[in-house]
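Report on one structure; see the data block that follows.
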Amino acid sequence: EHETWSKRSLARKRYVYIWADGVHFNIRGEDARSCILVVIGVTETGHKEFVAIEEGLRESEQSWLEVLNDIKARGLCIGPELAVGDGALGFWKALTKVFGETRHQRCWVHKTGNVLNKLPKSSQKKAKEKLHDISMAETREAASSAFDTFLRTYEDKFPKATQCLAKDRETLLAFYDFPAKHWAHIRTTNPVESTFATVRLRTAKTRGCVSRKTILSMVYKLGMSAEKRWRKLRGFRHLAEVIRGVQFTNGVKVESEKSE
């Protein structure tokens, strides 16, 4: 079933946003470095669906190139307006080569975890609140101000933490150029993470006694089952505006000046 699904035509599809992630499982032996590369997309009507579920090797650029090129070869000629993912450089490099016009949005959940890991536990609670002030700010200007505050607060004592945050400044704040009703969806890779939480629970009970083929089959079947329960994207009516190239500033549509 998965092989047939993986060869289906995407010629009539248009995905406005995509979420991409490499899902890792407890696999032993020579298969331990493999993972499942997952792409979820939302159509212009607001329906979320799986675009790809394929085997990969530690989220490498080559593995992602194969997945994205295959998607394009099967008819997805127009790239998504925005891609949401974590810090895996392999995906972003491959995306730039295959869909060069697609904007990048770094996942705030992954970035928050990465930054906090570079701070002592005693500082993590307050730091997390300051990071939350950035990602949940009402405007890009307020987010930039909170961003600068975080850097000033921690750069002297914990430069690795601030460098980790600062290097992805633009891609962390890309969501401000899209409809505010979509922000909760496009700030993180939650559509992927939440879907595969139950899959991880099942594979954990096998104590690593699974193969790559078994995992791929399980991910596909459970993924298809989960897809049936997904709700439409909140504010899906704005997706058509995003496709038309309507500009949004701080989540609000910019009204074009009427010619006299």
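Identifiers in the structure tokens: chain A, B, ... in order shown; residue index from 1 per chain; ligand index from 1 in order shown.
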
Any idea what's packed within 7 Å of A:Ile36, counting only C-alpha atoms, ignoring anything in its chain fewer than 5 positions away? Could you give it as a short mmCIF file (atom, residue, chain, number, x, y, z; two decimals) with N, CA and C atoms, in the first residue's frame?
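Saved the output as out.cif:
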data_model
loop_
_atom_site.label_atom_id
_atom_site.label_comp_id
_atom_site.auth_asym_id
_atom_site.auth_seq_id
_atom_site.Cartn_x
_atom_site.Cartn_y
_atom_site.Cartn_z
N GLY A 22 12.32 14.69 10.48
CA GLY A 22 12.83 13.32 10.46
C GLY A 22 12.44 12.66 11.76
N VAL A 23 11.67 11.60 11.67
CA VAL A 23 11.16 10.93 12.87
C VAL A 23 12.06 9.73 13.18
N HIS A 24 12.65 9.74 14.37
CA HIS A 24 13.59 8.70 14.76
C HIS A 24 12.93 7.67 15.68
N ILE A 53 6.16 10.04 3.09
CA ILE A 53 6.61 9.24 4.24
C ILE A 53 7.65 8.28 3.69
N GLU A 54 8.92 8.61 3.85
CA GLU A 54 9.97 7.83 3.22
C GLU A 54 11.13 7.57 4.18
N GLU A 55 11.92 6.56 3.83
CA GLU A 55 13.10 6.23 4.60
C GLU A 55 14.21 7.24 4.33
N GLY A 56 15.00 7.55 5.34
CA GLY A 56 16.12 8.45 5.15
C GLY A 56 17.28 8.06 6.03
N LEU A 216 8.57 1.58 8.71
CA LEU A 216 7.99 2.35 7.60
C LEU A 216 6.52 1.97 7.39
#

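With only C-alpha atoms as the atoms that count, the minimum distance from A:Val51 to the choices A:Cys35, A:Leu10, A:Cys77, A:Leu172 is reached by A:Leu10.
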
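Here the question is which of A:Val16, A:Ala174, A:Ala143, A:Leu233 gets nearest to A:Leu76 using only C-alpha atoms, and that residue is A:Val16.
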
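Distance-wise, atom CA of A:Glu44 and atom CA of A:Arg14 end up 6.6 Å apart.
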
### Query
Neighbours of A:Thr102 within 10 Å (only C-alpha atoms; same-chain residues fewer than 4 positions away dropped), as a PyMOL selection string?
chain A and resi 16-18+78-83+95-96+98

Based on the selection just made, write N, CA and C atoms of those residues as a PDB file, in the first residue's frame.
ATOM      1  N   VAL A  16       0.172  25.039   0.329  1.00  0.00           N
ATOM      2  CA  VAL A  16       0.526  26.406   0.720  1.00  0.00           C
ATOM      3  C   VAL A  16       1.643  26.386   1.761  1.00  0.00           C
ATOM      4  N   TYR A  17       1.502  25.525   2.750  1.00  0.00           N
ATOM      5  CA  TYR A  17       2.537  25.330   3.761  1.00  0.00           C
ATOM      6  C   TYR A  17       2.899  23.849   3.820  1.00  0.00           C
ATOM      7  N   ILE A  18       4.143  23.568   4.173  1.00  0.00           N
ATOM      8  CA  ILE A  18       4.524  22.188   4.467  1.00  0.00           C
ATOM      9  C   ILE A  18       5.282  22.153   5.795  1.00  0.00           C
ATOM     10  N   ILE A  78       4.702  23.712  -8.409  1.00  0.00           N
ATOM     11  CA  ILE A  78       4.734  24.969  -7.652  1.00  0.00           C
ATOM     12  C   ILE A  78       5.059  24.652  -6.198  1.00  0.00           C
ATOM     13  N   GLY A  79       6.153  25.210  -5.710  1.00  0.00           N
ATOM     14  CA  GLY A  79       6.567  24.942  -4.340  1.00  0.00           C
ATOM     15  C   GLY A  79       5.667  25.614  -3.330  1.00  0.00           C
ATOM     16  N   PRO A  80       5.692  25.169  -2.095  1.00  0.00           N
ATOM     17  CA  PRO A  80       4.895  25.790  -1.031  1.00  0.00           C
ATOM     18  C   PRO A  80       5.375  27.200  -0.741  1.00  0.00           C
ATOM     19  N   GLU A  81       4.504  28.010  -0.163  1.00  0.00           N
ATOM     20  CA  GLU A  81       4.878  29.381   0.178  1.00  0.00           C
ATOM     21  C   GLU A  81       5.804  29.407   1.393  1.00  0.00           C
ATOM     22  N   LEU A  82       5.608  28.445   2.298  1.00  0.00           N
ATOM     23  CA  LEU A  82       6.402  28.410   3.524  1.00  0.00           C
ATOM     24  C   LEU A  82       6.636  26.967   3.940  1.00  0.00           C
ATOM     25  N   ALA A  83       7.863  26.688   4.394  1.00  0.00           N
ATOM     26  CA  ALA A  83       8.192  25.367   4.927  1.00  0.00           C
ATOM     27  C   ALA A  83       8.587  25.533   6.391  1.00  0.00           C
ATOM     28  N   LEU A  95      15.829  21.839   0.290  1.00  0.00           N
ATOM     29  CA  LEU A  95      14.663  22.655  -0.062  1.00  0.00           C
ATOM     30  C   LEU A  95      15.066  23.810  -0.969  1.00  0.00           C
ATOM     31  N   THR A  96      16.174  24.454  -0.648  1.00  0.00           N
ATOM     32  CA  THR A  96      16.646  25.580  -1.452  1.00  0.00           C
ATOM     33  C   THR A  96      16.958  25.151  -2.881  1.00  0.00           C
ATOM     34  N   VAL A  98      15.562  22.505  -4.506  1.00  0.00           N
ATOM     35  CA  VAL A  98      14.390  21.990  -5.220  1.00  0.00           C
ATOM     36  C   VAL A  98      13.276  23.032  -5.336  1.00  0.00           C
TER      37      VAL A  98
END

### Task
Output as a VMD selection string all residues of stretch 18-179 of chain A that backbone DSSP marks as strand (DSSP E).
chain A and resid 18 to 23 34 to 43 48 to 57 82 to 85 103 to 106

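For the pair atom CA of A:Ala142 and atom CA of A:Pro179, the separation is 17.0 Å.
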
### Task
Please provide the set of residues having any atom within 9 Å of A:Ala166, restricted to only C-alpha atoms, with same-chain residues fewer than 4 positions apart removed, written as a list in words.
Phe147, Leu151, Ala161, Thr162 and Glu170 of chain A

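With distances restricted to only C-alpha atoms, A:Phe91 is the closest residue to A:Gln62 from A:Phe91, A:Val38, A:Ala127, A:Ser217.
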
If we count only C-alpha atoms and set the cut-off at 12 Å, which residues sit around A:Lys253, ignoring sequence neighbours fewer than 2 positions away in its own chain? Please answer as an mmCIF file with C-alpha atoms, in the first residue's frame.
data_model
loop_
_atom_site.group_PDB
_atom_site.id
_atom_site.type_symbol
_atom_site.label_atom_id
_atom_site.label_comp_id
_atom_site.auth_asym_id
_atom_site.auth_seq_id
_atom_site.Cartn_x
_atom_site.Cartn_y
_atom_site.Cartn_z
ATOM 1 C CA TYR A 176 4.901 37.470 10.922
ATOM 2 C CA ASP A 177 4.554 37.819 7.139
ATOM 3 C CA PHE A 178 1.629 35.386 7.081
ATOM 4 C CA PRO A 179 -1.972 35.561 8.379
ATOM 5 C CA ALA A 180 -2.190 35.791 12.175
ATOM 6 C CA LYS A 181 -4.773 33.006 12.279
ATOM 7 C CA HIS A 238 -6.738 33.236 4.068
ATOM 8 C CA LEU A 239 -4.794 30.527 2.226
ATOM 9 C CA GLU A 241 -4.787 35.204 -0.318
ATOM 10 C CA VAL A 242 -1.361 33.793 0.489
ATOM 11 C CA GLY A 245 0.646 36.970 -3.102
ATOM 12 C CA VAL A 246 -1.353 39.256 -0.814
ATOM 13 C CA GLN A 247 1.045 40.882 1.638
ATOM 14 C CA PHE A 248 0.655 40.489 5.376
ATOM 15 C CA THR A 249 2.419 42.609 7.965
ATOM 16 C CA ASN A 250 2.330 41.344 11.532
ATOM 17 C CA GLY A 251 -0.359 38.908 10.469
ATOM 18 C CA GLU A 255 -4.637 46.828 1.882
ATOM 19 C CA SER A 256 -3.345 48.049 -1.480
#

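In terms of minimum interatomic distance to A:Gly90, A:Ala20 ranks closest within A:Ala20, A:Arg103, A:Ser122, A:Asn114, counting only C-alpha atoms.
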
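Atom pair atom CA of A:Phe50 / atom CA of A:Glu66 has a distance of 16.6 Å (rounded to one decimal).
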
#### Entry: From A:Glu49, A:Gly235, A:Val252, A:His104, residue lying nearest A:Arg140 [only C-alpha atoms]
A:Val252

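With distances taken over only C-alpha atoms, A:Ile71 is the one residue among A:Ile71, A:Val254, A:Cys164, A:Ile186 lying closest to A:Phe99.
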
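The residue set within 9 Å of A:Leu131, counting only C-alpha atoms and dropping same-chain residues fewer than 4 places from it, reads Trp108, Thr112, Lys126, Ala127, Ser135, Met136, Ala146, Phe147 and Phe150 of chain A.
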
### Message
Going by DSSP on the backbone, which residues of stretch 21-227 of chain A come out as helix (DSSP H, G or I)? List them as a ChimeraX atom specification.
### Response
/A:29-31,61-73,89-98,108-116,121-135,140-154,159-166,169-172,174-177,180-186,190-204,212-227
